[in-house]
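Source file: protein01.pdb; contents: PDB, C-alpha atoms.
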ATOM      1  CA  MET A   1     -19.048   7.416  12.165
ATOM      2  CA  GLY A   2     -17.815   7.658   8.578
ATOM      3  CA  LEU A   3     -14.189   7.794   9.740
ATOM      4  CA  LEU A   4     -14.641   4.628  11.788
ATOM      5  CA  LEU A   5     -16.237   2.790   8.869
ATOM      6  CA  THR A   6     -13.524   3.994   6.492
ATOM      7  CA  ALA A   7     -10.766   2.860   8.866
ATOM      8  CA  THR A   8     -12.444  -0.532   9.265
ATOM      9  CA  ALA A   9     -12.889  -1.027   5.512
ATOM     10  CA  ILE A  10      -9.296  -0.074   4.699
ATOM     11  CA  ALA A  11      -7.907  -2.276   7.483
ATOM     12  CA  THR A  12     -10.049  -5.208   6.324
ATOM     13  CA  VAL A  13      -8.517  -4.996   2.858
ATOM     14  CA  THR A  14      -4.953  -4.279   3.999
ATOM     15  CA  ILE A  15      -4.460  -6.822   6.802
ATOM     16  CA  PRO A  16      -4.566 -10.023   4.659
ATOM     17  CA  GLU A  17      -2.063  -8.553   2.181
ATOM     18  CA  LEU A  18       0.250  -7.439   4.992
ATOM     19  CA  ARG A  19       0.047 -10.855   6.663
ATOM     20  CA  SER A  20       0.945 -12.515   3.362
ATOM     21  CA  GLU A  21       3.934 -10.205   2.869
ATOM     22  CA  LEU A  22       5.220 -10.634   6.426
ATOM     23  CA  ALA A  23       4.820 -14.420   6.324
ATOM     24  CA  GLY A  24       6.788 -14.598   3.089
ATOM     25  CA  ASP A  25       4.002 -16.401   1.266
ATOM     26  CA  GLY A  26       4.670 -17.270  -2.328
ATOM     27  CA  THR A  27       6.941 -19.425  -4.422
ATOM     28  CA  ALA A  28      10.302 -17.972  -5.378
ATOM     29  CA  GLY A  29      11.438 -18.524  -8.925
ATOM     30  CA  THR A  30      13.166 -17.065 -11.951
ATOM     31  CA  LEU A  31      11.661 -15.396 -15.001
ATOM     32  CA  THR A  32      13.635 -15.823 -18.207
ATOM     33  CA  VAL A  33      12.728 -12.718 -20.181
ATOM     34  CA  SER A  34      11.638 -13.163 -23.788
ATOM     35  CA  SER A  35      10.451  -9.559 -24.354
ATOM     36  CA  CYS A  36       9.804  -6.284 -22.538
ATOM     37  CA  GLU A  37       7.354  -3.524 -23.391
ATOM     38  CA  THR A  38       7.398   0.088 -22.330
ATOM     39  CA  HIS A  39       4.160   1.815 -21.364
ATOM     40  CA  THR A  40       3.939   5.584 -21.074
ATOM     41  CA  ARG A  41       1.277   7.143 -18.911
ATOM     42  CA  THR A  42       0.755  10.891 -19.104
ATOM     43  CA  HIS A  43      -0.468  12.868 -16.103
ATOM     44  CA  TYR A  44      -1.943  16.310 -16.696
ATOM     45  CA  GLY A  45      -1.640  18.740 -13.796
ATOM     46  CA  THR A  46      -2.810  22.295 -13.375
ATOM     47  CA  ARG A  47       0.560  23.770 -14.360
ATOM     48  CA  ARG A  48       2.522  21.004 -15.996
ATOM     49  CA  ARG A  49       2.363  17.636 -17.652
ATOM     50  CA  SER A  50       4.391  14.646 -16.546
ATOM     51  CA  SER A  51       4.969  11.217 -18.034
ATOM     52  CA  GLU A  52       5.492   7.988 -16.156
ATOM     53  CA  LEU A  53       7.350   5.065 -17.718
ATOM     54  CA  LYS A  54       6.271   1.558 -16.797
ATOM     55  CA  PHE A  55       7.732  -1.690 -18.052
ATOM     56  CA  SER A  56       6.279  -5.151 -18.328
ATOM     57  CA  CYS A  57       8.339  -8.177 -19.239
ATOM     58  CA  THR A  58       7.061 -11.490 -20.576
ATOM     59  CA  GLY A  59       8.810 -14.819 -20.394
ATOM     60  CA  SER A  60       8.881 -18.279 -18.868
ATOM     61  CA  TRP A  61       8.878 -18.715 -15.094
ATOM     62  CA  THR A  62      10.483 -21.640 -13.285
ATOM     63  CA  ALA A  63      10.167 -22.332  -9.555
ATOM     64  CA  GLN A  64      13.398 -22.226  -7.581
ATOM     65  CA  HIS A  65      12.739 -25.552  -5.813
ATOM     66  CA  GLY A  66      10.665 -27.889  -7.906
ATOM     67  CA  ALA A  67       9.641 -28.582 -11.440
ATOM     68  CA  THR A  68       6.813 -26.040 -11.653
ATOM     69  CA  SER A  69       7.054 -23.943 -14.795
ATOM     70  CA  TYR A  70       4.789 -21.487 -16.607
ATOM     71  CA  GLN A  71       5.054 -19.943 -20.068
ATOM     72  CA  ASN A  72       4.076 -16.421 -21.212
ATOM     73  CA  ILE A  73       4.052 -14.865 -17.749
ATOM     74  CA  GLU A  74       3.843 -11.060 -17.627
ATOM     75  CA  VAL A  75       5.507  -9.177 -14.771
ATOM     76  CA  ASP A  76       5.577  -5.417 -14.116
ATOM     77  CA  THR A  77       9.168  -4.300 -13.652
ATOM     78  CA  SER A  78      10.977  -1.106 -12.731
ATOM     79  CA  SER A  79      13.273  -1.206 -15.767
ATOM     80  CA  ARG A  80      13.667  -2.800 -19.171
ATOM     81  CA  PHE A  81      15.513  -6.119 -19.413
ATOM     82  CA  GLU A  82      17.177  -7.694 -22.430
ATOM     83  CA  ALA A  83      15.864 -10.961 -23.880
ATOM     84  CA  GLY A  84      17.421 -13.907 -22.076
ATOM     85  CA  SER A  85      17.885 -12.032 -18.796
ATOM     86  CA  LYS A  86      16.940 -13.894 -15.651
ATOM     87  CA  ILE A  87      15.130 -11.936 -12.940
ATOM     88  CA  PRO A  88      13.812 -13.122  -9.564
ATOM     89  CA  VAL A  89      10.006 -13.325  -9.441
ATOM     90  CA  VAL A  90       7.660 -14.566  -6.706
ATOM     91  CA  GLN A  91       4.402 -16.355  -7.486
ATOM     92  CA  VAL A  92       1.640 -15.515  -5.007
ATOM     93  CA  GLU A  93      -1.610 -17.310  -5.782
ATOM     94  CA  ASP A  94      -2.348 -16.347  -9.413
ATOM     95  CA  THR A  95      -0.022 -13.335  -9.671
ATOM     96  CA  PHE A  96       3.678 -12.921 -10.316
ATOM     97  CA  GLU A  97       5.639 -10.065  -8.723
ATOM     98  CA  GLN A  98       9.210  -9.008  -8.155
ATOM     99  CA  PRO A  99      10.401  -9.516  -4.542
ATOM    100  CA  GLN A 100      10.844  -5.760  -3.898
ATOM    101  CA  ASP A 101       7.154  -5.240  -4.756
ATOM    102  CA  ARG A 102       6.263  -7.507  -1.815
ATOM    103  CA  ASP A 103       7.807  -5.197   0.807
ATOM    104  CA  PRO A 104       5.426  -4.641   3.728
ATOM    105  CA  GLY A 105       6.214  -0.922   4.209
ATOM    106  CA  ASP A 106       3.331   0.557   2.236
ATOM    107  CA  ASP A 107       0.712  -1.748   3.729
ATOM    108  CA  ALA A 108       2.021  -1.158   7.248
ATOM    109  CA  ALA A 109       1.876   2.610   6.659
ATOM    110  CA  ILE A 110      -1.729   2.336   5.451
ATOM    111  CA  LEU A 111      -2.635   0.316   8.534
ATOM    112  CA  ALA A 112      -0.971   2.910  10.788
ATOM    113  CA  LEU A 113      -2.987   5.656   9.099
ATOM    114  CA  CYS A 114      -6.113   3.634   9.920
ATOM    115  CA  LEU A 115      -5.119   4.042  13.557
ATOM    116  CA  SER A 116      -5.197   7.842  13.118
ATOM    117  CA  LEU A 117      -8.556   7.628  11.331
ATOM    118  CA  LEU A 118      -9.871   5.568  14.224
ATOM    119  CA  ALA A 119      -8.688   8.161  16.751
ATOM    120  CA  SER A 120     -10.265  10.966  14.696
ATOM    121  CA  GLY A 121     -13.542   9.051  14.461
ATOM    122  CA  ILE A 122     -13.623   8.455  18.214
ATOM    123  CA  PHE A 123     -12.943  12.154  18.844
ATOM    124  CA  CYS A 124     -15.770  13.179  16.510
ATOM    125  CA  LEU A 125     -18.212  10.750  18.125
ATOM    126  CA  LEU A 126     -17.327  11.827  21.655
ATOM    127  CA  THR A 127     -17.518  15.582  21.036
ATOM    128  CA  GLY A 128     -19.751  16.180  18.037
ATOM    129  CA  PHE A 129     -16.873  17.802  16.151
ATOM    130  CA  GLY A 130     -17.488  17.879  12.422
ATOM    131  CA  SER A 131     -21.270  17.844  12.642
ATOM    132  CA  ARG A 132     -23.366  20.490  10.960
ATOM    133  CA  ASN A 133     -23.323  23.658  13.095
ATOM    134  CA  GLY A 134     -21.252  21.712  15.630
ATOM    135  CA  PRO A 135     -18.559  23.072  17.907
ATOM    136  CA  GLY A 136     -15.101  24.038  16.652
ATOM    137  CA  PHE A 137     -11.973  22.026  17.401
ATOM    138  CA  THR A 138     -10.965  23.912  20.550
ATOM    139  CA  ALA A 139     -14.466  23.811  22.023
ATOM    140  CA  SER A 140     -14.698  20.098  21.162
ATOM    141  CA  TRP A 141     -11.329  19.340  22.726
ATOM    142  CA  ASN A 142     -12.329  21.163  25.901
ATOM    143  CA  SER A 143     -15.610  19.245  26.079
ATOM    144  CA  LEU A 144     -14.080  15.765  25.953
ATOM    145  CA  PRO A 145     -15.608  13.524  28.633
ATOM    146  CA  ALA A 146     -13.010  12.664  31.299
ATOM    147  CA  SER A 147     -10.626  14.944  29.416
ATOM    148  CA  SER A 148      -7.612  14.099  31.572
ATOM    149  CA  ILE A 149      -7.843  10.527  30.278
ATOM    150  CA  THR A 150      -9.480  10.687  26.859
ATOM    151  CA  GLY A 151      -7.535  13.745  25.659
ATOM    152  CA  PRO A 152      -4.080  12.164  25.916
ATOM    153  CA  LEU A 153      -5.483   8.799  24.803
ATOM    154  CA  VAL A 154      -7.116  10.108  21.614
ATOM    155  CA  GLY A 155      -4.285  12.571  20.893
ATOM    156  CA  GLY A 156      -1.640   9.925  21.525
ATOM    157  CA  LEU A 157      -3.419   7.376  19.341
ATOM    158  CA  PHE A 158      -3.641   9.900  16.511
ATOM    159  CA  THR A 159       0.023  10.936  16.880
ATOM    160  CA  LEU A 160       1.175   7.323  17.120
ATOM    161  CA  GLY A 161      -0.659   6.473  13.900
ATOM    162  CA  ILE A 162       0.880   9.396  11.985
ATOM    163  CA  LEU A 163       4.418   8.712  13.276
ATOM    164  CA  ALA A 164       4.149   4.970  12.646
ATOM    165  CA  ALA A 165       2.917   5.618   9.098
ATOM    166  CA  ALA A 166       5.863   7.932   8.428
ATOM    167  CA  VAL A 167       8.365   5.421   9.821
ATOM    168  CA  CYS A 168       6.835   2.515   7.864
ATOM    169  CA  ALA A 169       6.780   4.478   4.613
ATOM    170  CA  VAL A 170      10.417   5.563   4.948
ATOM    171  CA  ALA A 171      12.130   2.684   6.743
ATOM    172  CA  LEU A 172      10.381  -0.451   5.479
TER     173      LEU A 172
END
As a first step, turn the structure in this file into structure tokens.
Amino acid sequence: MGLLLTATAIATVTIPELRSELAGDGTAGTLTVSSCETHTRTHYGTRRRSSELKFSCTGSWTAQHGATSYQNIEVDTSSRFEAGSKIPVVQVEDTFEQPQDRDPGDDAAILALCLSLLASGIFCLLTGFGSRNGPGFTASWNSLPASSITGPLVGGLFTLGILAAAVCAVAL
């Protein structure tokens, strides 16, 4: 039941963002950079330490079509820009993002993984797999009700979710 609730919660959060990205919501514009800052974030692992560089640029944003303009807008960027540089930025509601950060690939991959979580949750509910002192995977698989139908259905749904997530993460 927990897998079904988790899949539902994640999908509920992801679907509106994905719809916004696919619909192309937002106002395109240009940020004229006045300054950029570098932020270093250190990650400590079990065997090594790694640092991640992040950049945020501040400047004035002007809409591509219209007279809308905002001052002192901060945008996270993938690299440092010189003062006076013009970079494309999209305004979505109260946030400003670069167009490549609005790609739907990650959200589509998350939604596809929800499909696999859903299939796993259905399998657990139908067979009792994962319960305390419950049957193992093979015994659960063999005890599926109407196994000639539900086996390929649940297995196919799970496989489809994993493959779709991989394709979305790589191709989109």
| Nearest to A:Ala11, chosen from A:Thr46, A:Thr30, A:Ser116, A:Thr38, with all atoms listed in the file counted in the distances | A:Ser116
| request: Could you tell me which of A:Phe81, A:Phe137, A:Phe123, A:Phe129 comes closest to A:Leu153 if we count only C-alpha atoms? | output: A:Phe123
| Output of the PyMOL selection byres ((chain A and resi 158-165) around 12), listed as number ranges by chain | A: 7, 104-123, 150-157, 166-172
| field | One-decimal distance in Å that lies between atom CA of A:Thr6 and atom CA of A:Ile149 | value |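 Atom CA of A:Thr6 lies at a distance of 25.3 Å from atom CA of A:Ile149.
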| What does the PyMOL selection byres ((chain A and resi 41) around 10) select in this file, as a ChimeraX atom specification? | /A:38-40,42-44,50-54
| task | Take the point (12.6, -6.8, -23.8) in the file's coordinates, draw a sphere of radius 6 Å around it, and report as a PyMOL selection string every protein, DNA or RNA residue with an atom inside or on it, counting only C-alpha atoms. | result | chain A and resi 35-36+81-83
Fewer than 4 positions away in the same chain doesn't count, so skip those; otherwise give me all residues within 9 Å of A:Gly84, counting all atoms listed in the file, as a PDB file with C-alpha atoms, in the frame of the given file.
ATOM      1  CA  THR A  32      13.635 -15.823 -18.207  1.00  0.00           C
ATOM      2  CA  VAL A  33      12.728 -12.718 -20.181  1.00  0.00           C
ATOM      3  CA  SER A  34      11.638 -13.163 -23.788  1.00  0.00           C
ATOM      4  CA  SER A  35      10.451  -9.559 -24.354  1.00  0.00           C
ATOM      5  CA  GLY A  59       8.810 -14.819 -20.394  1.00  0.00           C
TER       6      GLY A  59
END
| query | atom CA of A:Ser79 to atom CA of A:Arg49: how many Å, to one decimal? | reply |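 Value for the atom CA of A:Ser79-atom CA of A:Arg49 distance: 21.9 Å.
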| message | Can you measure atom CA of A:Ser143 to atom CA of A:Ser131 for me? One decimal in Å is fine. | response |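 Calculated distance between atom CA of A:Ser143 and atom CA of A:Ser131 is 14.6 Å.
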Test item: the PyMOL selection byres ((chain A and resi 89) around 12) resolved as a compact mmCIF listing (two decimals) with C-alpha atoms, in the coordinates of the input:
# COMPACT_ATOMS: atom_id res chain seq x y z
CA GLY A 26 4.67 -17.27 -2.33
CA THR A 27 6.94 -19.42 -4.42
CA ALA A 28 10.30 -17.97 -5.38
CA GLY A 29 11.44 -18.52 -8.93
CA THR A 30 13.17 -17.07 -11.95
CA LEU A 31 11.66 -15.40 -15.00
CA THR A 32 13.64 -15.82 -18.21
CA VAL A 33 12.73 -12.72 -20.18
CA CYS A 57 8.34 -8.18 -19.24
CA THR A 58 7.06 -11.49 -20.58
CA GLY A 59 8.81 -14.82 -20.39
CA SER A 60 8.88 -18.28 -18.87
CA TRP A 61 8.88 -18.72 -15.09
CA THR A 62 10.48 -21.64 -13.28
CA ALA A 63 10.17 -22.33 -9.56
CA GLN A 64 13.40 -22.23 -7.58
CA ILE A 73 4.05 -14.86 -17.75
CA GLU A 74 3.84 -11.06 -17.63
CA VAL A 75 5.51 -9.18 -14.77
CA ASP A 76 5.58 -5.42 -14.12
CA THR A 77 9.17 -4.30 -13.65
CA LYS A 86 16.94 -13.89 -15.65
CA ILE A 87 15.13 -11.94 -12.94
CA PRO A 88 13.81 -13.12 -9.56
CA VAL A 90 7.66 -14.57 -6.71
CA GLN A 91 4.40 -16.36 -7.49
CA VAL A 92 1.64 -15.52 -5.01
CA THR A 95 -0.02 -13.34 -9.67
CA PHE A 96 3.68 -12.92 -10.32
CA GLU A 97 5.64 -10.06 -8.72
CA GLN A 98 9.21 -9.01 -8.15
CA PRO A 99 10.40 -9.52 -4.54
CA GLN A 100 10.84 -5.76 -3.90
CA ASP A 101 7.15 -5.24 -4.76
CA ARG A 102 6.26 -7.51 -1.82
| said: So, with only C-alpha atoms as the atoms that count, which of A:Glu93, A:Glu37, A:Ala67, A:Gly2 lies closest to A:Ser20? | reply: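 The shortest atom-to-atom distance to A:Ser20 comes from A:Glu93.
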